[in-house]
$ cat protein36.cif   # mmCIF, C-alpha atoms
data_start
#
loop_
_atom_site.label_atom_id
_atom_site.label_comp_id
_atom_site.auth_asym_id
_atom_site.auth_seq_id
_atom_site.Cartn_x
_atom_site.Cartn_y
_atom_site.Cartn_z
CA MET A 167 20.59 -4.59 51.09
CA LYS A 168 23.45 -5.81 48.90
CA GLN A 169 21.58 -9.06 48.23
CA LEU A 170 18.51 -7.08 47.29
CA GLY A 171 20.61 -4.97 44.92
CA LEU A 172 21.91 -8.14 43.24
CA LEU A 173 18.39 -9.47 42.86
CA VAL A 174 17.27 -6.27 41.21
CA THR A 175 20.14 -6.19 38.73
CA MET A 176 19.63 -9.85 37.79
CA GLN A 177 16.08 -9.18 36.53
CA PRO A 178 16.05 -8.00 32.90
CA SER A 179 14.49 -4.57 32.73
CA VAL A 180 11.14 -4.27 31.00
CA LYS A 181 12.89 -2.17 28.37
CA GLU A 182 15.39 -4.94 27.61
CA LYS A 183 12.68 -7.59 27.44
CA ASN A 184 10.72 -5.47 25.02
CA ALA A 185 13.73 -4.41 22.97
CA ALA A 186 12.97 -6.85 20.17
CA MET A 187 9.23 -6.16 20.13
CA VAL A 188 7.32 -3.66 18.07
CA GLU A 189 6.30 -0.61 20.09
CA TRP A 190 2.75 0.65 19.80
CA THR A 191 1.55 3.95 21.19
CA GLU A 192 -1.86 4.12 22.84
CA GLN A 193 -3.11 6.12 19.87
CA GLU A 194 -1.90 3.49 17.40
CA ARG A 195 -3.56 0.70 19.37
CA SER A 196 -6.85 2.53 19.46
CA ILE A 197 -6.69 3.35 15.74
CA ILE A 198 -6.20 -0.31 14.85
CA THR A 199 -8.87 -1.63 17.23
CA ASN A 200 -11.30 1.04 15.98
CA ILE A 201 -10.76 0.17 12.33
CA PHE A 202 -11.27 -3.55 12.93
CA GLY A 203 -14.07 -2.98 15.44
CA ASN A 204 -16.14 -1.25 12.76
CA LEU A 205 -15.43 -3.72 9.98
CA ASP A 206 -17.80 -6.18 8.36
CA TYR A 207 -15.24 -8.97 8.03
CA GLU A 208 -17.18 -10.83 5.35
CA ASP A 209 -17.66 -7.77 3.21
CA VAL A 210 -14.15 -6.34 3.51
CA GLY A 211 -12.43 -9.74 3.41
CA SER A 212 -14.07 -10.81 0.18
CA LYS A 213 -13.56 -7.37 -1.39
CA ALA A 214 -9.86 -7.27 -0.51
CA LEU A 215 -9.10 -10.78 -1.76
CA SER A 216 -11.11 -10.48 -4.97
CA ARG A 217 -9.48 -7.10 -5.66
CA CYS A 218 -6.06 -8.69 -5.23
CA LEU A 219 -6.92 -11.44 -7.72
CA ILE A 220 -8.17 -8.85 -10.23
CA VAL A 221 -5.47 -6.19 -9.90
CA TYR A 222 -2.61 -8.68 -9.56
CA PRO A 223 -3.85 -11.59 -11.69
CA TRP A 224 -0.86 -13.85 -11.05
CA THR A 225 -2.11 -14.33 -7.49
CA GLN A 226 -4.92 -16.45 -8.97
CA ARG A 227 -2.43 -19.28 -9.24
CA TYR A 228 -2.99 -20.12 -5.57
CA PHE A 229 -6.73 -20.56 -6.07
CA ALA A 230 -6.90 -22.97 -9.00
CA SER A 231 -9.30 -25.22 -7.09
CA PHE A 232 -11.71 -22.38 -6.33
CA GLY A 233 -13.73 -22.64 -9.53
CA ASN A 234 -14.48 -19.86 -12.00
CA LEU A 235 -11.92 -17.03 -11.85
CA TYR A 236 -12.22 -16.27 -15.54
CA ASN A 237 -12.95 -12.56 -15.30
CA ALA A 238 -13.54 -9.82 -12.76
CA GLU A 239 -17.28 -10.55 -12.48
CA ALA A 240 -16.66 -14.23 -11.86
CA ILE A 241 -14.04 -13.46 -9.21
CA LYS A 242 -16.26 -10.92 -7.45
CA THR A 243 -19.16 -13.39 -7.21
CA ASN A 244 -17.12 -16.52 -6.46
CA PRO A 245 -18.32 -17.86 -3.07
CA ASN A 246 -15.04 -19.69 -2.38
CA ILE A 247 -13.12 -16.45 -2.75
CA ALA A 248 -15.57 -14.65 -0.48
CA ALA A 249 -15.25 -17.35 2.18
CA HIS A 250 -11.50 -17.30 1.95
CA GLY A 251 -11.36 -13.53 2.21
CA THR A 252 -13.35 -13.73 5.43
CA LYS A 253 -10.90 -16.34 6.73
CA VAL A 254 -7.95 -14.05 6.00
CA LEU A 255 -9.58 -11.21 7.87
CA HIS A 256 -10.21 -13.41 10.90
CA GLY A 257 -6.51 -14.24 10.74
CA LEU A 258 -5.78 -10.50 10.92
CA ASP A 259 -8.11 -10.31 13.88
CA ARG A 260 -5.69 -12.55 15.79
CA ALA A 261 -2.95 -10.01 15.15
CA VAL A 262 -5.20 -7.19 16.38
CA LYS A 263 -5.84 -9.12 19.61
CA ASN A 264 -2.12 -9.91 20.09
CA MET A 265 -0.50 -6.69 18.92
CA ASP A 266 2.35 -7.09 21.38
CA ASN A 267 3.37 -10.44 20.03
CA ILE A 268 2.30 -10.78 16.43
CA LYS A 269 5.46 -12.68 15.55
CA ALA A 270 4.73 -15.55 17.96
CA THR A 271 1.00 -15.49 17.20
CA TYR A 272 1.72 -15.98 13.50
CA ALA A 273 4.51 -18.58 13.80
CA GLU A 274 2.30 -21.49 12.73
CA LEU A 275 0.53 -19.47 10.05
CA SER A 276 3.94 -18.58 8.64
CA VAL A 277 5.00 -22.23 8.51
CA LEU A 278 1.67 -23.10 6.85
CA HIS A 279 2.09 -20.47 4.11
CA SER A 280 5.70 -21.43 3.53
CA GLU A 281 5.75 -25.20 3.71
CA LYS A 282 2.24 -26.25 2.83
CA LEU A 283 0.73 -23.48 0.68
CA HIS A 284 4.04 -22.42 -0.93
CA VAL A 285 2.94 -18.80 -1.22
CA ASP A 286 5.57 -16.37 -2.51
CA PRO A 287 5.86 -13.96 0.43
CA ASP A 288 5.91 -10.95 -1.93
CA ASN A 289 2.20 -11.60 -2.36
CA PHE A 290 1.47 -10.77 1.28
CA LYS A 291 2.30 -7.13 0.54
CA LEU A 292 -0.02 -7.13 -2.48
CA LEU A 293 -2.97 -8.36 -0.41
CA ALA A 294 -2.07 -5.86 2.32
CA ASP A 295 -2.14 -3.07 -0.29
CA CYS A 296 -5.54 -4.18 -1.56
CA LEU A 297 -6.91 -4.28 1.98
CA THR A 298 -5.59 -0.74 2.55
CA ILE A 299 -7.36 0.43 -0.62
CA VAL A 300 -10.65 -1.19 0.45
CA ILE A 301 -10.43 0.47 3.86
CA ALA A 302 -9.51 3.82 2.26
CA ALA A 303 -12.50 3.57 -0.10
CA LYS A 304 -14.74 2.74 2.85
CA LEU A 305 -13.52 5.44 5.25
CA GLY A 306 -13.12 8.16 2.62
CA SER A 307 -11.71 11.39 4.03
CA ALA A 308 -11.65 9.80 7.49
CA PHE A 309 -8.68 7.73 6.30
CA SER A 310 -6.28 10.47 7.31
CA PRO A 311 -2.51 10.32 6.73
CA GLU A 312 -1.99 9.46 10.42
CA ILE A 313 -4.49 6.62 10.29
CA GLN A 314 -2.96 5.38 7.04
CA ALA A 315 0.52 5.44 8.59
CA THR A 316 -0.68 3.42 11.60
CA PHE A 317 -2.59 0.94 9.46
CA GLN A 318 0.38 0.41 7.16
CA LYS A 319 2.68 -0.07 10.16
CA PHE A 320 0.32 -2.74 11.47
CA LEU A 321 0.15 -4.51 8.10
CA ALA A 322 3.94 -4.28 7.71
CA VAL A 323 4.36 -6.08 11.05
CA VAL A 324 1.81 -8.71 9.98
CA VAL A 325 3.51 -9.25 6.62
CA SER A 326 6.89 -9.51 8.30
CA ALA A 327 5.57 -12.06 10.83
CA LEU A 328 4.03 -14.12 8.03
CA GLY A 329 7.35 -14.20 6.22
CA ARG A 330 9.33 -15.06 9.33
CA GLN A 331 9.39 -18.85 9.03
CA TYR A 332 10.34 -18.93 5.36
CA HIS A 333 13.73 -20.48 4.75
CA MET B 73 0.63 -6.00 -22.23
CA ILE B 74 4.10 -4.74 -23.02
CA LEU B 75 5.12 -5.45 -26.63
CA TRP B 76 8.21 -4.18 -28.37
CA GLY B 77 8.73 -1.49 -25.76
CA LEU B 78 5.22 -0.14 -26.32
CA VAL B 79 2.50 -0.53 -23.79
CA LEU B 80 -0.86 -1.49 -25.18
CA PHE B 81 -3.83 -0.10 -23.34
CA PRO B 82 -6.76 -2.12 -24.66
CA GLY B 83 -9.91 -0.05 -25.20
CA GLU B 84 -11.67 -0.89 -21.99
CA PRO B 85 -9.15 0.23 -19.37
CA CYS B 86 -8.45 3.33 -21.49
CA ASN B 87 -12.11 4.30 -21.28
CA LEU B 88 -12.18 3.57 -17.60
CA LEU B 89 -9.24 5.94 -17.09
CA ASN B 90 -10.94 8.65 -19.11
CA GLU B 91 -14.20 8.12 -17.26
CA CYS B 92 -12.63 8.57 -13.90
CA GLN B 93 -10.66 11.58 -15.09
CA SER B 94 -13.38 14.10 -14.18
CA PRO B 95 -13.73 13.09 -10.53
CA LEU B 96 -9.96 12.63 -10.56
CA PHE B 97 -9.45 16.25 -11.52
CA SER B 98 -11.26 17.32 -8.40
CA VAL B 99 -8.89 15.06 -6.51
CA PHE B 100 -6.10 16.75 -8.41
CA ALA B 101 -7.25 20.11 -7.13
CA ASN B 102 -6.78 18.85 -3.60
CA THR B 103 -3.19 17.63 -4.11
CA LEU B 104 -3.56 15.67 -0.92
CA PHE B 105 -1.35 12.85 -1.98
CA SER B 106 2.00 14.63 -1.83
CA LEU B 107 1.53 15.64 1.79
CA ARG B 108 0.31 12.14 2.60
CA CYS B 109 3.54 10.70 1.20
CA LEU B 110 5.64 13.00 3.41
CA ILE B 111 3.67 11.94 6.48
CA VAL B 112 3.33 8.21 5.91
CA TYR B 113 6.88 7.77 4.57
CA PRO B 114 8.80 10.43 6.53
CA TRP B 115 12.15 9.73 4.89
CA THR B 116 10.79 11.28 1.69
CA GLN B 117 11.06 14.65 3.47
CA ARG B 118 14.77 14.60 2.76
CA TYR B 119 14.12 15.90 -0.74
CA PHE B 120 12.28 18.96 0.57
CA GLY B 121 14.82 20.46 2.94
CA SER B 122 14.26 23.91 1.46
CA PHE B 123 10.49 23.79 1.89
CA GLY B 124 10.41 25.18 5.42
CA ASN B 125 8.43 23.68 8.29
CA LEU B 126 7.83 19.94 7.86
CA TYR B 127 8.06 19.29 11.58
CA ASN B 128 4.77 17.44 12.03
CA ALA B 129 1.68 16.36 10.10
CA ALA B 130 -0.14 19.65 10.73
CA ALA B 131 2.84 21.68 9.51
CA ILE B 132 3.16 19.55 6.38
CA ALA B 133 -0.56 19.82 5.67
CA SER B 134 -0.47 23.61 5.83
CA ASN B 135 2.87 24.09 4.07
CA PRO B 136 2.18 26.09 0.89
CA LYS B 137 5.32 24.83 -0.86
CA VAL B 138 4.23 21.21 -0.41
CA ALA B 139 0.82 22.01 -1.92
CA ALA B 140 2.41 23.88 -4.82
CA HIS B 141 4.76 21.02 -5.48
CA GLY B 142 1.88 18.55 -5.44
CA LYS B 143 0.42 20.55 -8.34
CA VAL B 144 3.72 20.32 -10.24
CA VAL B 145 3.71 16.55 -9.85
CA LEU B 146 0.11 16.34 -11.02
CA GLY B 147 1.01 18.42 -14.07
CA GLY B 148 3.58 15.75 -14.82
CA LEU B 149 0.94 13.02 -14.49
CA GLU B 150 -1.36 14.96 -16.80
CA LYS B 151 1.43 14.85 -19.40
CA ALA B 152 1.42 11.07 -19.15
CA LEU B 153 -2.38 11.00 -19.53
CA LYS B 154 -2.14 13.07 -22.71
CA ASN B 155 0.62 10.84 -24.12
CA MET B 156 -0.56 7.43 -23.02
CA ASP B 157 0.79 5.75 -26.12
CA ASP B 158 4.36 6.83 -25.48
CA ILE B 159 4.82 7.68 -21.82
CA LYS B 160 8.41 6.50 -21.97
CA GLN B 161 9.28 9.12 -24.56
CA ALA B 162 7.17 11.84 -22.94
CA TYR B 163 9.03 11.30 -19.65
CA ALA B 164 12.60 11.03 -20.97
CA ASP B 165 13.59 14.53 -19.81
CA LEU B 166 11.75 14.18 -16.51
CA SER B 167 13.60 10.94 -15.88
CA VAL B 168 16.97 12.59 -16.49
CA LEU B 169 15.93 15.47 -14.21
CA HIS B 170 15.00 13.16 -11.33
CA SER B 171 18.11 11.06 -11.76
CA GLU B 172 20.84 13.60 -12.42
CA THR B 173 19.61 16.88 -10.96
CA LEU B 174 17.21 15.95 -8.17
CA GLN B 175 18.92 12.64 -7.38
CA VAL B 176 15.73 10.98 -6.15
CA ASP B 177 15.94 7.33 -5.13
CA PRO B 178 13.60 5.74 -7.70
CA ASP B 179 12.02 3.48 -5.06
CA ASN B 180 10.24 6.60 -3.85
CA PHE B 181 8.21 6.87 -7.07
CA LYS B 182 6.25 3.78 -6.05
CA LEU B 183 5.55 5.28 -2.60
CA LEU B 184 4.09 8.43 -4.12
CA ALA B 185 2.09 6.31 -6.58
CA ASP B 186 0.70 4.31 -3.64
CA CYS B 187 -0.32 7.49 -1.81
CA LEU B 188 -2.04 8.80 -4.94
CA THR B 189 -3.94 5.50 -5.25
CA ILE B 190 -5.05 5.73 -1.61
CA VAL B 191 -6.30 9.30 -2.04
CA VAL B 192 -8.19 8.41 -5.23
CA ALA B 193 -9.69 5.35 -3.50
CA SER B 194 -10.83 7.42 -0.52
CA GLN B 195 -12.35 10.06 -2.81
CA LEU B 196 -14.13 7.67 -5.17
CA GLY B 197 -15.27 5.20 -2.50
CA LYS B 198 -17.18 2.32 -4.02
CA ASP B 199 -16.65 3.78 -7.49
CA PHE B 200 -13.00 2.75 -7.20
CA THR B 201 -13.92 -0.74 -8.34
CA PRO B 202 -11.32 -3.48 -8.80
CA GLU B 203 -11.44 -2.84 -12.57
CA VAL B 204 -10.78 0.89 -12.18
CA HIS B 205 -8.11 0.08 -9.59
CA ALA B 206 -6.42 -2.35 -12.00
CA ALA B 207 -6.38 0.23 -14.83
CA PHE B 208 -5.08 2.91 -12.50
CA ALA B 209 -2.38 0.61 -11.08
CA LYS B 210 -1.30 -0.26 -14.61
CA PHE B 211 -1.10 3.42 -15.58
CA LEU B 212 0.97 4.31 -12.52
CA ALA B 213 3.26 1.30 -13.05
CA VAL B 214 4.00 2.54 -16.58
CA VAL B 215 4.61 6.07 -15.27
CA VAL B 216 7.00 4.81 -12.58
CA ALA B 217 8.84 2.63 -15.10
CA ALA B 218 9.19 5.59 -17.49
CA LEU B 219 10.55 7.77 -14.68
CA ARG B 220 13.10 5.10 -13.84
CA LYS B 221 14.21 4.58 -17.43
CA GLN B 222 17.06 7.10 -17.55
CA TYR B 223 18.63 6.06 -14.26
CA HIS B 224 22.05 4.50 -14.69
#

$ encode --input "protein36.cif" --output "structure tokens"
Amino acid sequence: MKQLGLLVTMQPSVKEKNAAMVEWTEQERSIITNIFGNLDYEDVGSKALSRCLIVYPWTQRYFASFGNLYNAEAIKTNPNIAAHGTKVLHGLDRAVKNMDNIKATYAELSVLHSEKLHVDPDNFKLLADCLTIVIAAKLGSAFSPEIQATFQKFLAVVVSALGRQYH
Amino acid sequence: MILWGLVLFPGEPCNLLNECQSPLFSVFANTLFSLRCLIVYPWTQRYFGSFGNLYNAAAIASNPKVAAHGKVVLGGLEKALKNMDDIKQAYADLSVLHSETLQVDPDNFKLLADCLTIVVASQLGKDFTPEVHAAFAKFLAVVVAALRKQYH
């Protein structure tokens, strides 16, 4: 019995193992999966990214090779921007499917943004804000304060994970 | 553009702001954004200790003092709309009030501005185009900067 007791105390408790992880309630999980489950990734992705480039014009510096970004119309109809917006949203999808370990899931993406793309991590928050606005415009009054709080928590974790490997 | 301490609102965004003022005023009547701020950023409740029950989202949503205060804030924003060419001057007293009397951490102005943007976006839907969003963001950025001006 004493040996058994020792064995039990040697195992880290689930609580200790999870101490460093973000905690999600069942309601929060279902809010996030519902939002993304009802999204047209191509539509929302391109809208969020093009909005970011229009509202925060300095972010255009990362897309010099994308062609015509001369004005809002050009940005909104630029196919490279649309494709890239879709890509970003599929990246978010990975976080939705790995909500209990977004940090590890995004480790390589973080290195990519830091060492290869050289993106100022402050810009992640700007894109997150634009995505929130696009979702709010889409859901209207259904984007309640509780849903907004959950969505912003999710995006804050994503933004933090993306900034993790910056040195 | 910010030149010589003045902010220039070129014609187009100014018209956009005026155009969206009418639907905005129906948003204003709802004053949803102040309660949203208290729910999404709960630490902001610290400034409203005397407002009664803020115990949960439902309590905040039905709290009459929160709704009344939302209207006060919107009155302040209306002042900025009517004085777009010198918001800094129009807000000098308000800035002193928030800094010296109310002692509000100025980072919170941006949070409230974000909540207002979300409410406007959800009300206007697809009419909250990137161009309207950009003009609105610029307006709120100037308002927040003016509110921060007298902090020392």

$ closest_atom_pairs --input "protein36.cif" --of "chain B" --to "chain A" --cutoff "9 Å" --atoms "all atoms listed in the file" --output "CSV"
residue,atom,partner,partner_atom,distance
B:Leu107,CA,A:Pro311,CA,8.3
B:Arg108,CA,A:Pro311,CA,5.3
B:Cys109,CA,A:Pro311,CA,8.2
B:Ile111,CA,A:Pro311,CA,6.4
B:Val112,CA,A:Ala315,CA,4.8
B:Tyr113,CA,A:Ala315,CA,7.9
B:Ala129,CA,A:Glu312,CA,7.8
B:Asp186,CA,A:Asp295,CA,8.6
B:Thr189,CA,A:Ile299,CA,7.7
B:Ile190,CA,A:Ile299,CA,5.9
B:Val191,CA,A:Ala302,CA,7.7
B:Val192,CA,A:Ala303,CA,8.3
B:Ala193,CA,A:Ala303,CA,4.8
B:Ser194,CA,A:Gly306,CA,4.0
B:Gln195,CA,A:Gly306,CA,5.8
B:Leu196,CA,A:Ala303,CA,6.7
B:Gly197,CA,A:Ala303,CA,4.0
B:Lys198,CA,A:Ala303,CA,6.2
B:Asp199,CA,A:Ala303,CA,8.5
B:Phe200,CA,A:Ala303,CA,7.2
B:Thr201,CA,A:Arg217,CA,8.2
B:Pro202,CA,A:Arg217,CA,5.1
B:Glu203,CA,A:Ile220,CA,7.2
B:His205,CA,A:Val221,CA,6.8
B:Ala206,CA,A:Val221,CA,4.5
B:Ala207,CA,A:Val221,CA,8.1
B:Ala209,CA,A:Val221,CA,7.6
B:Lys210,CA,A:Val221,CA,8.6

$ residues_around --input "protein36.cif" --residues "Asp286 in chain A" --least-positions-apart "5" --cutoff "12 Å" --atoms "all atoms listed in the file" --output "PyMOL selection string"
chain A and resi 224-225+227-228+276+279-281+291-293+325+328-329+332-333

$ resolve_selection --input "protein36.cif" --expression "the PyMOL selection byres ((chain A and resi 275) around 12)" --output "VMD selection string"
chain A and resid 254 257 to 258 260 to 261 268 to 274 276 to 285 324 to 332

$ residues_around --input "protein36.cif" --residues "Ser212 in chain A" --least-positions-apart "4" --cutoff "7 Å" --atoms "all atoms listed in the file" --output "list in words"
Glu208, Ser216, Ile247, Ala248, Ala249, Gly251 and Thr252 of chain A

$ atom_distance --input "protein36.cif" --atom1 "CA of Leu153 in chain B" --atom2 "CA of Tyr223 in chain B"
22.2 Å

$ resolve_selection --input "protein36.cif" --expression "the PyMOL selection byres ((chain B and resi 184) around 9)" --output "list in words"
Phe105, Ser106, Arg108, Cys109, Leu110, Asn180, Phe181, Lys182, Leu183, Ala185, Asp186, Cys187, Leu188 and Thr189 of chain B

$ decode --input "protein36.cif" --residues "range 204-215 of chain B" --atoms "all heavy atoms" --output "PDB file, in the first residue's frame"
ATOM      1  N   VAL B 204     -15.262  53.184 -44.394  1.00  0.00           N
ATOM      2  CA  VAL B 204     -15.975  53.771 -43.244  1.00  0.00           C
ATOM      3  C   VAL B 204     -15.233  53.416 -41.964  1.00  0.00           C
ATOM      4  O   VAL B 204     -15.055  54.240 -41.069  1.00  0.00           O
ATOM      5  CB  VAL B 204     -17.439  53.258 -43.187  1.00  0.00           C
ATOM      6  CG1 VAL B 204     -18.114  53.688 -41.908  1.00  0.00           C
ATOM      7  CG2 VAL B 204     -18.220  53.753 -44.397  1.00  0.00           C
ATOM      8  N   HIS B 205     -14.787  52.167 -41.875  1.00  0.00           N
ATOM      9  CA  HIS B 205     -14.036  51.705 -40.714  1.00  0.00           C
ATOM     10  C   HIS B 205     -12.790  52.552 -40.523  1.00  0.00           C
ATOM     11  O   HIS B 205     -12.484  53.007 -39.407  1.00  0.00           O
ATOM     12  CB  HIS B 205     -13.684  50.215 -40.918  1.00  0.00           C
ATOM     13  CG  HIS B 205     -12.889  49.588 -39.829  1.00  0.00           C
ATOM     14  ND1 HIS B 205     -12.471  48.278 -39.878  1.00  0.00           N
ATOM     15  CD2 HIS B 205     -12.420  50.059 -38.645  1.00  0.00           C
ATOM     16  CE1 HIS B 205     -11.782  47.983 -38.783  1.00  0.00           C
ATOM     17  NE2 HIS B 205     -11.732  49.030 -38.009  1.00  0.00           N
ATOM     18  N   ALA B 206     -12.061  52.821 -41.624  1.00  0.00           N
ATOM     19  CA  ALA B 206     -10.826  53.606 -41.532  1.00  0.00           C
ATOM     20  C   ALA B 206     -11.129  55.014 -41.017  1.00  0.00           C
ATOM     21  O   ALA B 206     -10.410  55.536 -40.160  1.00  0.00           O
ATOM     22  CB  ALA B 206     -10.121  53.647 -42.885  1.00  0.00           C
ATOM     23  N   ALA B 207     -12.193  55.639 -41.545  1.00  0.00           N
ATOM     24  CA  ALA B 207     -12.535  57.001 -41.106  1.00  0.00           C
ATOM     25  C   ALA B 207     -12.931  56.989 -39.634  1.00  0.00           C
ATOM     26  O   ALA B 207     -12.545  57.857 -38.855  1.00  0.00           O
ATOM     27  CB  ALA B 207     -13.685  57.553 -41.960  1.00  0.00           C
ATOM     28  N   PHE B 208     -13.703  55.996 -39.246  1.00  0.00           N
ATOM     29  CA  PHE B 208     -14.159  55.889 -37.873  1.00  0.00           C
ATOM     30  C   PHE B 208     -12.988  55.657 -36.937  1.00  0.00           C
ATOM     31  O   PHE B 208     -12.892  56.261 -35.867  1.00  0.00           O
ATOM     32  CB  PHE B 208     -15.171  54.739 -37.768  1.00  0.00           C
ATOM     33  CG  PHE B 208     -16.032  54.787 -36.544  1.00  0.00           C
ATOM     34  CD1 PHE B 208     -16.908  55.832 -36.340  1.00  0.00           C
ATOM     35  CD2 PHE B 208     -15.967  53.779 -35.594  1.00  0.00           C
ATOM     36  CE1 PHE B 208     -17.703  55.888 -35.217  1.00  0.00           C
ATOM     37  CE2 PHE B 208     -16.763  53.818 -34.466  1.00  0.00           C
ATOM     38  CZ  PHE B 208     -17.629  54.873 -34.263  1.00  0.00           C
ATOM     39  N   ALA B 209     -12.054  54.776 -37.339  1.00  0.00           N
ATOM     40  CA  ALA B 209     -10.877  54.484 -36.516  1.00  0.00           C
ATOM     41  C   ALA B 209     -10.034  55.741 -36.347  1.00  0.00           C
ATOM     42  O   ALA B 209      -9.499  56.008 -35.267  1.00  0.00           O
ATOM     43  CB  ALA B 209     -10.052  53.349 -37.139  1.00  0.00           C
ATOM     44  N   LYS B 210      -9.931  56.512 -37.424  1.00  0.00           N
ATOM     45  CA  LYS B 210      -9.149  57.749 -37.357  1.00  0.00           C
ATOM     46  C   LYS B 210      -9.807  58.724 -36.383  1.00  0.00           C
ATOM     47  O   LYS B 210      -9.137  59.309 -35.519  1.00  0.00           O
ATOM     48  CB  LYS B 210      -9.061  58.377 -38.749  1.00  0.00           C
ATOM     49  CG  LYS B 210      -8.367  59.736 -38.776  1.00  0.00           C
ATOM     50  CD  LYS B 210      -8.241  60.233 -40.202  1.00  0.00           C
ATOM     51  CE  LYS B 210      -7.629  61.624 -40.245  1.00  0.00           C
ATOM     52  NZ  LYS B 210      -7.474  62.121 -41.633  1.00  0.00           N
ATOM     53  N   PHE B 211     -11.120  58.872 -36.485  1.00  0.00           N
ATOM     54  CA  PHE B 211     -11.853  59.772 -35.586  1.00  0.00           C
ATOM     55  C   PHE B 211     -11.640  59.367 -34.128  1.00  0.00           C
ATOM     56  O   PHE B 211     -11.297  60.186 -33.272  1.00  0.00           O
ATOM     57  CB  PHE B 211     -13.347  59.748 -35.944  1.00  0.00           C
ATOM     58  CG  PHE B 211     -14.233  60.477 -34.976  1.00  0.00           C
ATOM     59  CD1 PHE B 211     -14.218  61.853 -34.898  1.00  0.00           C
ATOM     60  CD2 PHE B 211     -15.077  59.766 -34.120  1.00  0.00           C
ATOM     61  CE1 PHE B 211     -15.036  62.534 -33.991  1.00  0.00           C
ATOM     62  CE2 PHE B 211     -15.901  60.432 -33.210  1.00  0.00           C
ATOM     63  CZ  PHE B 211     -15.877  61.820 -33.156  1.00  0.00           C
ATOM     64  N   LEU B 212     -11.805  58.084 -33.832  1.00  0.00           N
ATOM     65  CA  LEU B 212     -11.665  57.626 -32.452  1.00  0.00           C
ATOM     66  C   LEU B 212     -10.228  57.768 -31.960  1.00  0.00           C
ATOM     67  O   LEU B 212      -9.988  58.067 -30.784  1.00  0.00           O
ATOM     68  CB  LEU B 212     -12.141  56.175 -32.314  1.00  0.00           C
ATOM     69  CG  LEU B 212     -13.647  55.987 -32.382  1.00  0.00           C
ATOM     70  CD1 LEU B 212     -14.009  54.511 -32.242  1.00  0.00           C
ATOM     71  CD2 LEU B 212     -14.363  56.796 -31.306  1.00  0.00           C
ATOM     72  N   ALA B 213      -9.257  57.591 -32.864  1.00  0.00           N
ATOM     73  CA  ALA B 213      -7.857  57.738 -32.462  1.00  0.00           C
ATOM     74  C   ALA B 213      -7.590  59.188 -32.050  1.00  0.00           C
ATOM     75  O   ALA B 213      -6.881  59.448 -31.066  1.00  0.00           O
ATOM     76  CB  ALA B 213      -6.922  57.322 -33.603  1.00  0.00           C
ATOM     77  N   VAL B 214      -8.176  60.129 -32.789  1.00  0.00           N
ATOM     78  CA  VAL B 214      -8.002  61.549 -32.449  1.00  0.00           C
ATOM     79  C   VAL B 214      -8.681  61.850 -31.111  1.00  0.00           C
ATOM     80  O   VAL B 214      -8.136  62.545 -30.257  1.00  0.00           O
ATOM     81  CB  VAL B 214      -8.566  62.450 -33.568  1.00  0.00           C
ATOM     82  CG1 VAL B 214      -8.543  63.908 -33.150  1.00  0.00           C
ATOM     83  CG2 VAL B 214      -7.768  62.257 -34.843  1.00  0.00           C
ATOM     84  N   VAL B 215      -9.873  61.297 -30.913  1.00  0.00           N
ATOM     85  CA  VAL B 215     -10.602  61.493 -29.651  1.00  0.00           C
ATOM     86  C   VAL B 215      -9.784  60.962 -28.476  1.00  0.00           C
ATOM     87  O   VAL B 215      -9.617  61.636 -27.458  1.00  0.00           O
ATOM     88  CB  VAL B 215     -11.979  60.782 -29.721  1.00  0.00           C
ATOM     89  CG1 VAL B 215     -12.561  60.559 -28.350  1.00  0.00           C
ATOM     90  CG2 VAL B 215     -12.939  61.586 -30.588  1.00  0.00           C
TER      91      VAL B 215
END
